[in-house]
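Each remark here refers to the structure printed beneath this line.
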There are 2 protein chains.
Amino acid sequence: MKSPKPNSQTNIQNDLLRRIHSGEWQPGALIPTEASLAKEIGCARTTVNRALQKLANDGHVVRKRRSGTRIALTPVRKATMEIPIVRDEIEGKGGAYKFLILLSERVKPPLWVQVRLGISKDEEMVHLHSLHISDSHPYMFEDRWVSIKAVPEITSAPFDKVSPNEWLVREVPYSGGENSFSVCTADETVANAMETTVGKAMFLVERSTWIYQTPITTLKMYYPEGFRLTTKL
Amino acid sequence: MKSPKPNSQTNIQNDLLRRIHSGEWQPGALIPTEASLAKEIGCARTTVNRALQKLANDGHVVRKRRSGTRIALTPVRKATMEIPIVRDEIEGKGGAYKFLILLSERVKPPLWVQVRLGISKDEEMVHLHSLHISDSHPYMFEDRWVSIKAVPEITSAPFDKVSPNEWLVREVPYSGGENSFSVCTADETVANAMETTVGKAMFLVERSTWIYQTPITTLKMYYPEGFRLTTKL
DNA sequence: CAGTGGTCTAGACCACCAG
DNA sequence: TGGTGGTCTAGACCACTGA
């Protein structure tokens with residue numbers, strides 16, 4: 001008799017979040033069961049279930065069969081970040097995008113690539129160096145290795161028009177991968193491409209992708225100091 | 001007549017993913033409606049709906065009312081990363097964790113804090129420098145500003161036993177925030193704390209959190225070169 | 001073992017928006 | 001305006017696991 005629209009998954013979520021954030025339920029506390037919440041709110045258990053699953057997915061609560069749902073001890077532990085295509089990244093900042101292929105060869109992979117992708121040392125791969133340019137200034141240097149076994153078309157891909165980055169994203173589906181972020185210093189190759197000096201600090205993004213068990217590509221992306229990557233919590 | 005367990009949301013997801021990855025449906029292609037998929041698979045539409053919503057949430061497909069469900073042009077664009085408490089981070093790597101409070105004062109915030117949090121220049125805040133230590137070696141230096149208005153208890157928090165990091169996470173719920181990652185060079189304060197030299201490249205994580213519209217805290221965390229942050233795609 | 005969350009069903013109504 | 005996804009319901013059975 002109080003609220004005009006007592007239902008809807010989103011309303012339930014917000015209501016539960018409010019009760020969490022207001023301190024009504026302390027971290028670690030057990031909250032009522034789905035059934036009792038449903039009765040209290042006046043909706044189906046399924047609806048409460050969906051709301052709670054979303055809260056659990058966002059890290060606000062921890063759910064266990066038989067033992068119930070608890071407020072998470074360390075709330076909201078997940079950050080999600082978007083992985084844009086470099087061209088969109090640059091054009092989104094208002095720059096004019098160009099790219100250059102600095103190196104394109106077909107060779108056997110070095111040790112770090114073998115290890116990263118779990119590839120045999122005798123399996124030939126395509127090795128590419130590309131420079132991504134924003135308004136005539138070097139924006140990012142990319143050192144990429146592509147499995148010919150997984151992507152035979154790579155050897156005849158038209159990299160005069162579309163960058164390896166975009167070509168792979170558009171043509172080759174992947175089922176999983178890994179990103180890692182760190183700091184490194186520029187070696188001679190990177191320094192030359194990025195028009196900086198050897199030893200200069202760079203922001204390094206490493207990415208590998210797989211299609212199920214088959215490795216596709218691994219790459220290192222070097223951004224200059226000043227590059228910034230942001231995520232929402 | 002073929003599969004023993006034709007149903008279940010997960011199976012449907014995997015089946016749809018397989019058809020996407022196999023190239024049966026090209027990026028941008030329209031896939032059958034929920035109703036027809038349900039009929040084809042032999043389950044309720046609700047089940048197909050859940051599976052498709054999850055795929056949409058993961059960025060594999062794009063859904064629009066009336067126009068249908070399409071394969072995403074840029075697949076899997078989201079990465080999620082866990083935000084651990086520093087102590088867990090260190091102990092997870094097998095280190096012994098300690099921390100030191102190097103500075104604790106109550107002052108008005110500098111410009112960057114005012115801007116970041118949208119706080120008045122006259123509102124006093126708690127300013128803390130803490131050093132997080134792994135096996136007697138500096139692991140991370142933290143420069144933190146906390147809003148007294150949002151967290152009055154901060155002025156009497158027992159930071160001899162529990163780090164500001166953990167105290168805030170445990171005592172103060174937050175509803176949203178922002179992380180950003182970049183490269184910076186060590187100034188004198190950071191260099192002294194981290195036992196390195198001025199100008200050395202550091203991995204910088206900046207984080208701000210809010211409880212709804214109220215800013216709680218903002219901080220800069222300085223990690224030495226060699227630190228690495230990993231996310232799954 | 002019993003109580004919790006996990007999931008499926010069949011049906012219904014609604015919101016949106018391209019035609 | 002009709003067809004699409006979005007969501008809710010009431011009920012059912014299952015899977016896990018703590019007491």
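As shown in the structure tokens, the chain order sets the letters A, B, ...; within each chain, residues go from 1, and ligands are also counted from 1 in the order they appear.
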
Compile a residue-level contact table for chain B against chain D at a cut-off of 10 Å, reporting for every qualifying residue the shortest atom pair and its distance in Å to one decimal, with only C-alpha atoms (C1' of nucleotides) counted, rows ordered by chain and ascending number, as JSON lines.
```
{"residue": "B:Thr33", "atom": "CA", "partner": "D:DT4", "partner_atom": "C1'", "distance": 7.8}
{"residue": "B:Glu34", "atom": "CA", "partner": "D:DG5", "partner_atom": "C1'", "distance": 8.1}
{"residue": "B:Ala35", "atom": "CA", "partner": "D:DT4", "partner_atom": "C1'", "distance": 9.8}
{"residue": "B:Thr46", "atom": "CA", "partner": "D:DT7", "partner_atom": "C1'", "distance": 9.8}
{"residue": "B:Asn49", "atom": "CA", "partner": "D:DG5", "partner_atom": "C1'", "distance": 8.4}
{"residue": "B:Gln53", "atom": "CA", "partner": "D:DG5", "partner_atom": "C1'", "distance": 9.9}
{"residue": "B:Arg63", "atom": "CA", "partner": "D:DG5", "partner_atom": "C1'", "distance": 7.5}
{"residue": "B:Lys64", "atom": "CA", "partner": "D:DG5", "partner_atom": "C1'", "distance": 6.8}
{"residue": "B:Arg65", "atom": "CA", "partner": "D:DG5", "partner_atom": "C1'", "distance": 4.8}
{"residue": "B:Arg66", "atom": "CA", "partner": "D:DT4", "partner_atom": "C1'", "distance": 3.6}
{"residue": "B:Ser67", "atom": "CA", "partner": "D:DT4", "partner_atom": "C1'", "distance": 6.3}
{"residue": "B:Gly68", "atom": "CA", "partner": "D:DT4", "partner_atom": "C1'", "distance": 6.0}
{"residue": "B:Thr69", "atom": "CA", "partner": "D:DG5", "partner_atom": "C1'", "distance": 8.6}
```

Selected residues written out, N, CA, C and O atoms, as a PDB file, in the first residue's frame:
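Generated output (selection_17.pdb):
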```
ATOM      1  N   THR B  33      15.254 -15.099 -34.249  1.00  0.00           N
ATOM      2  CA  THR B  33      14.611 -14.506 -33.078  1.00  0.00           C
ATOM      3  C   THR B  33      14.615 -15.484 -31.916  1.00  0.00           C
ATOM      4  O   THR B  33      14.802 -16.697 -32.104  1.00  0.00           O
ATOM      5  N   GLU B  34      14.402 -14.954 -30.742  1.00  0.00           N
ATOM      6  CA  GLU B  34      14.335 -15.797 -29.548  1.00  0.00           C
ATOM      7  C   GLU B  34      13.324 -16.918 -29.750  1.00  0.00           C
ATOM      8  O   GLU B  34      13.609 -18.074 -29.432  1.00  0.00           O
ATOM      9  N   ALA B  35      12.170 -16.559 -30.267  1.00  0.00           N
ATOM     10  CA  ALA B  35      11.104 -17.553 -30.412  1.00  0.00           C
ATOM     11  C   ALA B  35      11.536 -18.696 -31.317  1.00  0.00           C
ATOM     12  O   ALA B  35      11.349 -19.873 -30.988  1.00  0.00           O
ATOM     13  N   THR B  46      12.227 -18.030 -22.527  1.00  0.00           N
ATOM     14  CA  THR B  46      12.932 -17.412 -21.400  1.00  0.00           C
ATOM     15  C   THR B  46      14.380 -17.892 -21.329  1.00  0.00           C
ATOM     16  O   THR B  46      15.293 -17.127 -21.040  1.00  0.00           O
ATOM     17  N   ASN B  49      16.339 -16.352 -23.982  1.00  0.00           N
ATOM     18  CA  ASN B  49      16.505 -14.949 -23.621  1.00  0.00           C
ATOM     19  C   ASN B  49      17.666 -14.760 -22.648  1.00  0.00           C
ATOM     20  O   ASN B  49      18.521 -13.888 -22.839  1.00  0.00           O
ATOM     21  N   GLN B  53      21.016 -12.691 -23.437  1.00  0.00           N
ATOM     22  CA  GLN B  53      21.355 -11.520 -22.632  1.00  0.00           C
ATOM     23  C   GLN B  53      22.776 -11.615 -22.114  1.00  0.00           C
ATOM     24  O   GLN B  53      23.504 -10.620 -22.070  1.00  0.00           O
ATOM     25  N   ARG B  63      21.758  -6.414 -29.247  1.00  0.00           N
ATOM     26  CA  ARG B  63      20.321  -6.665 -29.347  1.00  0.00           C
ATOM     27  C   ARG B  63      19.562  -5.345 -29.411  1.00  0.00           C
ATOM     28  O   ARG B  63      19.843  -4.409 -28.690  1.00  0.00           O
ATOM     29  N   LYS B  64      18.560  -5.326 -30.303  1.00  0.00           N
ATOM     30  CA  LYS B  64      17.686  -4.158 -30.375  1.00  0.00           C
ATOM     31  C   LYS B  64      16.253  -4.616 -30.534  1.00  0.00           C
ATOM     32  O   LYS B  64      15.976  -5.533 -31.309  1.00  0.00           O
ATOM     33  N   ARG B  65      15.393  -3.953 -29.824  1.00  0.00           N
ATOM     34  CA  ARG B  65      13.975  -4.277 -29.973  1.00  0.00           C
ATOM     35  C   ARG B  65      13.554  -4.047 -31.406  1.00  0.00           C
ATOM     36  O   ARG B  65      14.035  -3.144 -32.069  1.00  0.00           O
ATOM     37  N   ARG B  66      12.646  -4.858 -31.797  1.00  0.00           N
ATOM     38  CA  ARG B  66      12.041  -4.759 -33.112  1.00  0.00           C
ATOM     39  C   ARG B  66      12.987  -5.149 -34.238  1.00  0.00           C
ATOM     40  O   ARG B  66      12.565  -5.784 -35.182  1.00  0.00           O
ATOM     41  N   SER B  67      14.279  -4.776 -34.120  1.00  0.00           N
ATOM     42  CA  SER B  67      15.164  -5.062 -35.245  1.00  0.00           C
ATOM     43  C   SER B  67      15.895  -6.390 -35.073  1.00  0.00           C
ATOM     44  O   SER B  67      16.404  -6.939 -36.029  1.00  0.00           O
ATOM     45  N   GLY B  68      15.950  -6.916 -33.854  1.00  0.00           N
ATOM     46  CA  GLY B  68      16.525  -8.239 -33.669  1.00  0.00           C
ATOM     47  C   GLY B  68      17.912  -8.258 -33.064  1.00  0.00           C
ATOM     48  O   GLY B  68      18.423  -7.254 -32.592  1.00  0.00           O
ATOM     49  N   THR B  69      18.531  -9.439 -33.101  1.00  0.00           N
ATOM     50  CA  THR B  69      19.841  -9.639 -32.498  1.00  0.00           C
ATOM     51  C   THR B  69      20.891  -9.818 -33.587  1.00  0.00           C
ATOM     52  O   THR B  69      20.726 -10.638 -34.482  1.00  0.00           O
TER      53      THR B  69
END
```

Could you give me the residues within range 37-199 of chain B that DSSP places in strand (DSSP E or B), as a tab-separated table (two decimals) with C-alpha atoms, in the first residue's frame?
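Resulting contents of result.tsv:
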```
chain	number	residue	atom	x	y	z
B	61	VAL	CA	25.97	-9.83	-29.85
B	62	VAL	CA	24.03	-6.59	-29.99
B	63	ARG	CA	20.32	-6.66	-29.35
B	64	LYS	CA	17.69	-4.16	-30.38
B	68	GLY	CA	16.53	-8.24	-33.67
B	69	THR	CA	19.84	-9.64	-32.50
B	70	ARG	CA	23.03	-9.12	-34.50
B	71	ILE	CA	26.55	-10.49	-34.17
B	78	LYS	CA	35.17	-5.76	-22.24
B	79	ALA	CA	37.82	-6.90	-19.84
B	80	THR	CA	37.18	-7.30	-16.14
B	81	MET	CA	39.85	-6.99	-13.54
B	82	GLU	CA	39.83	-7.72	-9.87
B	97	TYR	CA	52.86	-7.78	4.62
B	98	LYS	CA	53.58	-4.71	6.70
B	99	PHE	CA	52.70	-1.06	6.31
B	100	LEU	CA	53.97	2.27	7.61
B	101	ILE	CA	52.16	5.55	7.95
B	102	LEU	CA	54.70	8.12	6.78
B	103	LEU	CA	52.45	11.14	7.02
B	104	SER	CA	49.09	11.91	8.58
B	105	GLU	CA	47.75	15.43	8.56
B	106	ARG	CA	44.54	17.36	8.42
B	107	VAL	CA	44.72	20.03	5.73
B	125	MET	CA	40.57	16.56	4.54
B	126	VAL	CA	42.74	13.85	6.00
B	127	HIS	CA	45.95	13.40	4.04
B	128	LEU	CA	47.92	10.19	4.44
B	129	HIS	CA	51.14	8.78	3.06
B	130	SER	CA	51.49	5.07	3.59
B	131	LEU	CA	54.09	2.60	2.49
B	132	HIS	CA	53.12	-1.00	1.84
B	133	ILE	CA	55.90	-3.47	2.41
B	134	SER	CA	56.46	-7.01	1.22
B	137	HIS	CA	60.95	-4.37	0.64
B	138	PRO	CA	58.91	-1.37	-0.42
B	139	TYR	CA	56.03	-2.65	-2.53
B	140	MET	CA	53.78	0.34	-3.08
B	141	PHE	CA	53.56	3.94	-1.96
B	142	GLU	CA	50.12	5.40	-1.38
B	143	ASP	CA	49.17	9.07	-1.32
B	144	ARG	CA	45.59	9.27	-0.05
B	145	TRP	CA	43.08	12.03	0.60
B	146	VAL	CA	39.92	11.30	2.57
B	147	SER	CA	36.87	13.50	2.92
B	176	GLY	CA	30.94	3.88	-7.56
B	177	GLY	CA	34.40	4.94	-8.52
B	178	GLU	CA	37.06	5.25	-11.13
B	179	ASN	CA	40.47	3.72	-11.69
B	180	SER	CA	43.11	4.98	-14.00
B	181	PHE	CA	46.48	3.58	-14.97
B	182	SER	CA	49.47	5.39	-16.34
B	183	VAL	CA	53.21	5.84	-16.19
B	184	CYS	CA	54.89	8.56	-14.15
B	185	THR	CA	58.30	9.34	-12.77
```

Counting only C-alpha atoms, which of A:Lys108, A:Lys220, A:Lys93, A:Arg170 gets nearest to chain B?
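Between A:Lys108, A:Lys220, A:Lys93, A:Arg170, the residue approaching chain B most closely is A:Arg170.
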
Looking only at helix (DSSP H, G or I) from DSSP on the backbone, list the matching residues of range 116-157 of chain A as a list of chain:residue names.
A:Arg116, A:Leu117, A:Pro152, A:Glu153, A:Ile154, A:Thr155, A:Ser156

Excluding Leu17 in chain A and any residue of its chain fewer than 2 positions from it, enumerate the residues within 12 Å of it, using only C-alpha atoms (C1' of nucleotides), and give them as a ChimeraX atom specification.
/A:10-15,19-26,31,51-52,54-56,58-61,71-72,75-76 /B:173-176,211-212

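Using only C-alpha atoms (C1' of nucleotides) for every distance, the candidate list A:Val48, A:Val86, A:Ala96, A:Val169 yields A:Val48 as the residue closest to chain C.
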
Contacts from chain C to chain B, 9 Å maximum, only C-alpha atoms (C1' of nucleotides): show me the residue list as a PDB file with C-alpha atoms (C1' of nucleotides), in the first residue's frame.
```
ATOM      1  C1'  DT C   7      17.601 -23.081 -13.346  1.00  0.00           C
ATOM      2  C1'  DC C   8      13.792 -24.301 -16.434  1.00  0.00           C
ATOM      3  C1'  DT C   9       8.905 -23.825 -18.065  1.00  0.00           C
ATOM      4  C1'  DA C  10       4.707 -21.932 -20.162  1.00  0.00           C
ATOM      5  C1'  DA C  15       8.066  -1.007 -24.347  1.00  0.00           C
ATOM      6  C1'  DC C  16      10.074   0.136 -28.087  1.00  0.00           C
ATOM      7  C1'  DC C  17      10.766   1.319 -32.777  1.00  0.00           C
ATOM      8  C1'  DA C  18      11.417   0.230 -37.913  1.00  0.00           C
TER       9       DA C  18
END
```
